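Notes for the one structure printed next.
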Amino acid sequence: MKWEKLKPPEPDEPLCCCECDFCQCGCCCDCEDLDEAFNRWLKDKPSKGGCQSAVLGAVIDNLEISMIPALVLLPLLLRVASLHYLLGVTILTTLPGLVLWYYYATHRKKRRTLFFLTLALYSLAYMYYLFITEILPRGDVSQLQVCTVTAGMILTIVSLIHTKRGPGFVTTTLSEGHSQSQESNTEAPVLGTEKEPLKAKWSRCSVCKILRPPRAGHCRTCGSCVQRLDHHCIWINSCVGLDNHRSFLLTLSVFVLTSLYGISLVLHSLCPQQYLMTALFYCPGAYSQSSTALCFTCAWYSIIATGGLFYLLLVQVLNISFNVTEREAQLALRNKRGQSRLWGLVVDTGEYSRGFCQNWVEFLTMTDATTSPRSSLTDLV
């Protein structure tokens with residue numbers, strides 16, 4: 001019974017009205033969790049779990065943020081943050097917290113949203129606009145440097161478009177093709193010895209009800225099975241799987257390199273007498289003019305965003321080096337079958353790893369390395 005309480009609900013179970021996006025009475029839901037939360041609130045009893053009340057959790061679950069006011073608010077907040085360094089510290093520390101809070105609110109309900117993708121593209125365009133209109137006229141940036149930043153921007157967008165083409169969903173045709181190959185192997189007596197390992201590698205999804213290849217997983221947010229599912233990325237509003245994992249890594253790499261190069265050019269233009277790391281914390285005259293103060297504030301905003309994506313890039317590189325997906329790492333931690341390495345940045349399952357070089361060759365060529373006789377990871381993440 002204890003395991004049943006801890007077990008995550010299956011996506012094909014009936015949804016409560018407060019979990020349905022199309023239900024207009026979601027805020028008036030009469031489910032047991034909401035009733036219990038309000039009873040505890042009326043009787044002035046503490047919440048059962050954590051410091052956050054269940055009433056607030058119910059409000060968060062039904063929260064939607066319109067993209068247009070949020071995008072209009074971003075330049076306004078950055079301009080307010082450039083008025084004084086104390087305002088900059090306050091706003092630049094609050095913005096990541098608000099973004100993480102909204103991510104938590106949408107991630108709990110496994111809801112797809114364009115907010116994060118639009119915010120990323122809008123921030124990228126706004127930073128480039130300030131670079132062209134404020135930094136370039138100062139005369140400290142050469143044409144070659146401008147072309148390098150522009151080329152990085154274009155390559156980032158092109159690779160993002162290629163990533164958005166699809167992660168490689170498990171289709172009915174793929175499942176039927178595997179079933180037909182199994183039938184042909186059954187009829188051929190020569191291949192009878194390979195029948196059992198082949199059947200052990202494929203699994204049937206409890207939601208899609210179709211056979212899926214090894215390392216495939218069901219994404220609750222997209223509602224489909226994805227080949228070699230890594231994770232569902234909110235910044236591209238899509239899954240990362242077999243077909244787009246390489247382009248996803250390319251997008252992250254190009255963006256991080258372009259952003260770091262652009263930040264270095266901005267800081268060199270604003271604080272030519274300071275070293276790069278020194279200029280981040282001490283830039284005399286940065287707040288003497290509104291334009292320089294805005295550029296300096298946006299440089300810090302870009303550093304915060306780039307730092308988060310650099311962490312994601314680092315985790316991806318380590319996972320590829322150990323030949324493990326993010327989904328497999330989470331399942332290994334949940335089932336206590338993996339070993340944390342490098343201060344918890346990567347989980348080594350040891351199931352598909354063939355060594356550093358061979359793992360990268362497999363990733364770049366996407367050859368099938370699922371020859372492990374162990375049971376496949378079929379849980380939902």
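In the structure tokens, chains take the letters A, B, ... in the order shown, each chain's residues start at 1, and ligands count up from 1 in the order shown.
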
**Report entry** Contacts of region 85-98 of chain A within 8 Å, only C-alpha atoms, excl. fewer than 6 positions in-chain, as a ChimeraX atom specification
**Finding:** /A:77-78,297,300-301

Set the distance at 6 Å and use only C-alpha atoms: which residues neighbour Gly152 (chain A) once local chain neighbours fewer than 3 positions away are removed? I'd like the list as an mmCIF file with N, CA, C and O atoms, in the first residue's frame.
```
data_model
loop_
_atom_site.group_PDB
_atom_site.id
_atom_site.type_symbol
_atom_site.label_atom_id
_atom_site.label_comp_id
_atom_site.auth_asym_id
_atom_site.auth_seq_id
_atom_site.Cartn_x
_atom_site.Cartn_y
_atom_site.Cartn_z
ATOM 1 N N VAL A 149 29.296 37.656 -34.369
ATOM 2 C CA VAL A 149 28.105 37.596 -33.510
ATOM 3 C C VAL A 149 26.857 37.325 -34.338
ATOM 4 O O VAL A 149 25.997 36.519 -33.958
ATOM 5 N N LEU A 155 23.178 30.939 -36.911
ATOM 6 C CA LEU A 155 23.393 29.498 -36.749
ATOM 7 C C LEU A 155 22.590 28.950 -35.578
ATOM 8 O O LEU A 155 22.079 27.818 -35.647
ATOM 9 N N THR A 258 28.336 31.957 -28.609
ATOM 10 C CA THR A 258 27.997 33.282 -29.130
ATOM 11 C C THR A 258 27.683 34.260 -28.013
ATOM 12 O O THR A 258 28.091 35.425 -28.055
#
```

Report task. List every residue of region 264-346 of chain A that DSSP, applied to the backbone of this structure, places in helix (DSSP H, G or I), and write the result as a ChimeraX atom specification. Result -> /A:264-270,276-281,290-321,326-335

Atoms kept (C-alpha atoms) for selection, written as a JSON list (two decimals), in the first residue's frame:
```
[["chain", "number", "residue", "atom", "x", "y", "z"],
["A", 264, "SER", "CA", 33.00, 39.89, -23.68],
["A", 265, "LEU", "CA", 32.65, 42.47, -26.48],
["A", 266, "VAL", "CA", 30.10, 44.47, -24.48],
["A", 267, "LEU", "CA", 32.22, 44.53, -21.33],
["A", 268, "HIS", "CA", 35.34, 45.42, -23.30],
["A", 269, "SER", "CA", 33.48, 48.34, -24.86],
["A", 270, "LEU", "CA", 32.02, 49.59, -21.56],
["A", 276, "LEU", "CA", 36.88, 40.77, -18.28],
["A", 277, "MET", "CA", 36.20, 39.20, -14.89],
["A", 278, "THR", "CA", 36.97, 42.45, -13.08],
["A", 279, "ALA", "CA", 34.59, 44.42, -15.29],
["A", 280, "LEU", "CA", 31.69, 42.23, -14.20],
["A", 281, "PHE", "CA", 31.92, 43.49, -10.63],
["A", 290, "SER", "CA", 21.43, 55.51, -19.21],
["A", 291, "SER", "CA", 22.58, 53.68, -22.36],
["A", 292, "THR", "CA", 25.74, 52.26, -20.78],
["A", 293, "ALA", "CA", 23.83, 51.33, -17.62],
["A", 294, "LEU", "CA", 21.26, 49.46, -19.71],
["A", 295, "CYS", "CA", 23.97, 47.58, -21.63],
["A", 296, "PHE", "CA", 25.78, 46.69, -18.42],
["A", 297, "THR", "CA", 22.52, 45.40, -16.88],
["A", 298, "CYS", "CA", 21.70, 43.38, -19.99],
["A", 299, "ALA", "CA", 25.20, 41.90, -19.90],
["A", 300, "TRP", "CA", 24.49, 40.58, -16.43],
["A", 301, "TYR", "CA", 21.08, 39.32, -17.59],
["A", 302, "SER", "CA", 22.80, 37.46, -20.43],
["A", 303, "ILE", "CA", 25.34, 35.99, -18.01],
["A", 304, "ILE", "CA", 22.57, 34.58, -15.81],
["A", 305, "ALA", "CA", 20.75, 33.06, -18.79],
["A", 306, "THR", "CA", 23.97, 31.73, -20.32],
["A", 307, "GLY", "CA", 25.03, 30.23, -16.99],
["A", 308, "GLY", "CA", 21.82, 28.19, -16.80],
["A", 309, "LEU", "CA", 22.15, 26.94, -20.36],
["A", 310, "PHE", "CA", 25.85, 26.21, -19.84],
["A", 311, "TYR", "CA", 24.91, 23.94, -16.94],
["A", 312, "LEU", "CA", 22.42, 22.16, -19.21],
["A", 313, "LEU", "CA", 25.13, 21.82, -21.88],
["A", 314, "LEU", "CA", 27.59, 20.42, -19.34],
["A", 315, "VAL", "CA", 25.08, 17.81, -18.16],
["A", 316, "GLN", "CA", 24.34, 16.82, -21.75],
["A", 317, "VAL", "CA", 28.03, 16.38, -22.57],
["A", 318, "LEU", "CA", 28.59, 14.25, -19.47],
["A", 319, "ASN", "CA", 25.52, 12.11, -20.19],
["A", 320, "ILE", "CA", 26.72, 11.48, -23.72],
["A", 321, "SER", "CA", 30.18, 10.60, -22.43],
["A", 326, "GLU", "CA", 18.41, 12.07, -18.71],
["A", 327, "ARG", "CA", 15.37, 9.79, -18.49],
["A", 328, "GLU", "CA", 17.53, 6.75, -17.81],
["A", 329, "ALA", "CA", 19.47, 8.67, -15.17],
["A", 330, "GLN", "CA", 16.26, 9.62, -13.34],
["A", 331, "LEU", "CA", 14.97, 6.07, -13.47],
["A", 332, "ALA", "CA", 18.29, 4.71, -12.22],
["A", 333, "LEU", "CA", 18.21, 7.10, -9.26],
["A", 334, "ARG", "CA", 14.61, 6.22, -8.51],
["A", 335, "ASN", "CA", 15.32, 2.48, -8.62]]
```

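Compared by their closest atoms to Tyr128 (chain A), and using only C-alpha atoms, the residues A:Leu252, A:Val80, A:Ile263, A:Val346 rank with A:Ile263 nearest.
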
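Compared by their closest atoms to Cys357 (chain A), and using only C-alpha atoms, the residues A:Phe322, A:Phe116, A:Phe169, A:Tyr129 rank with A:Phe322 nearest.
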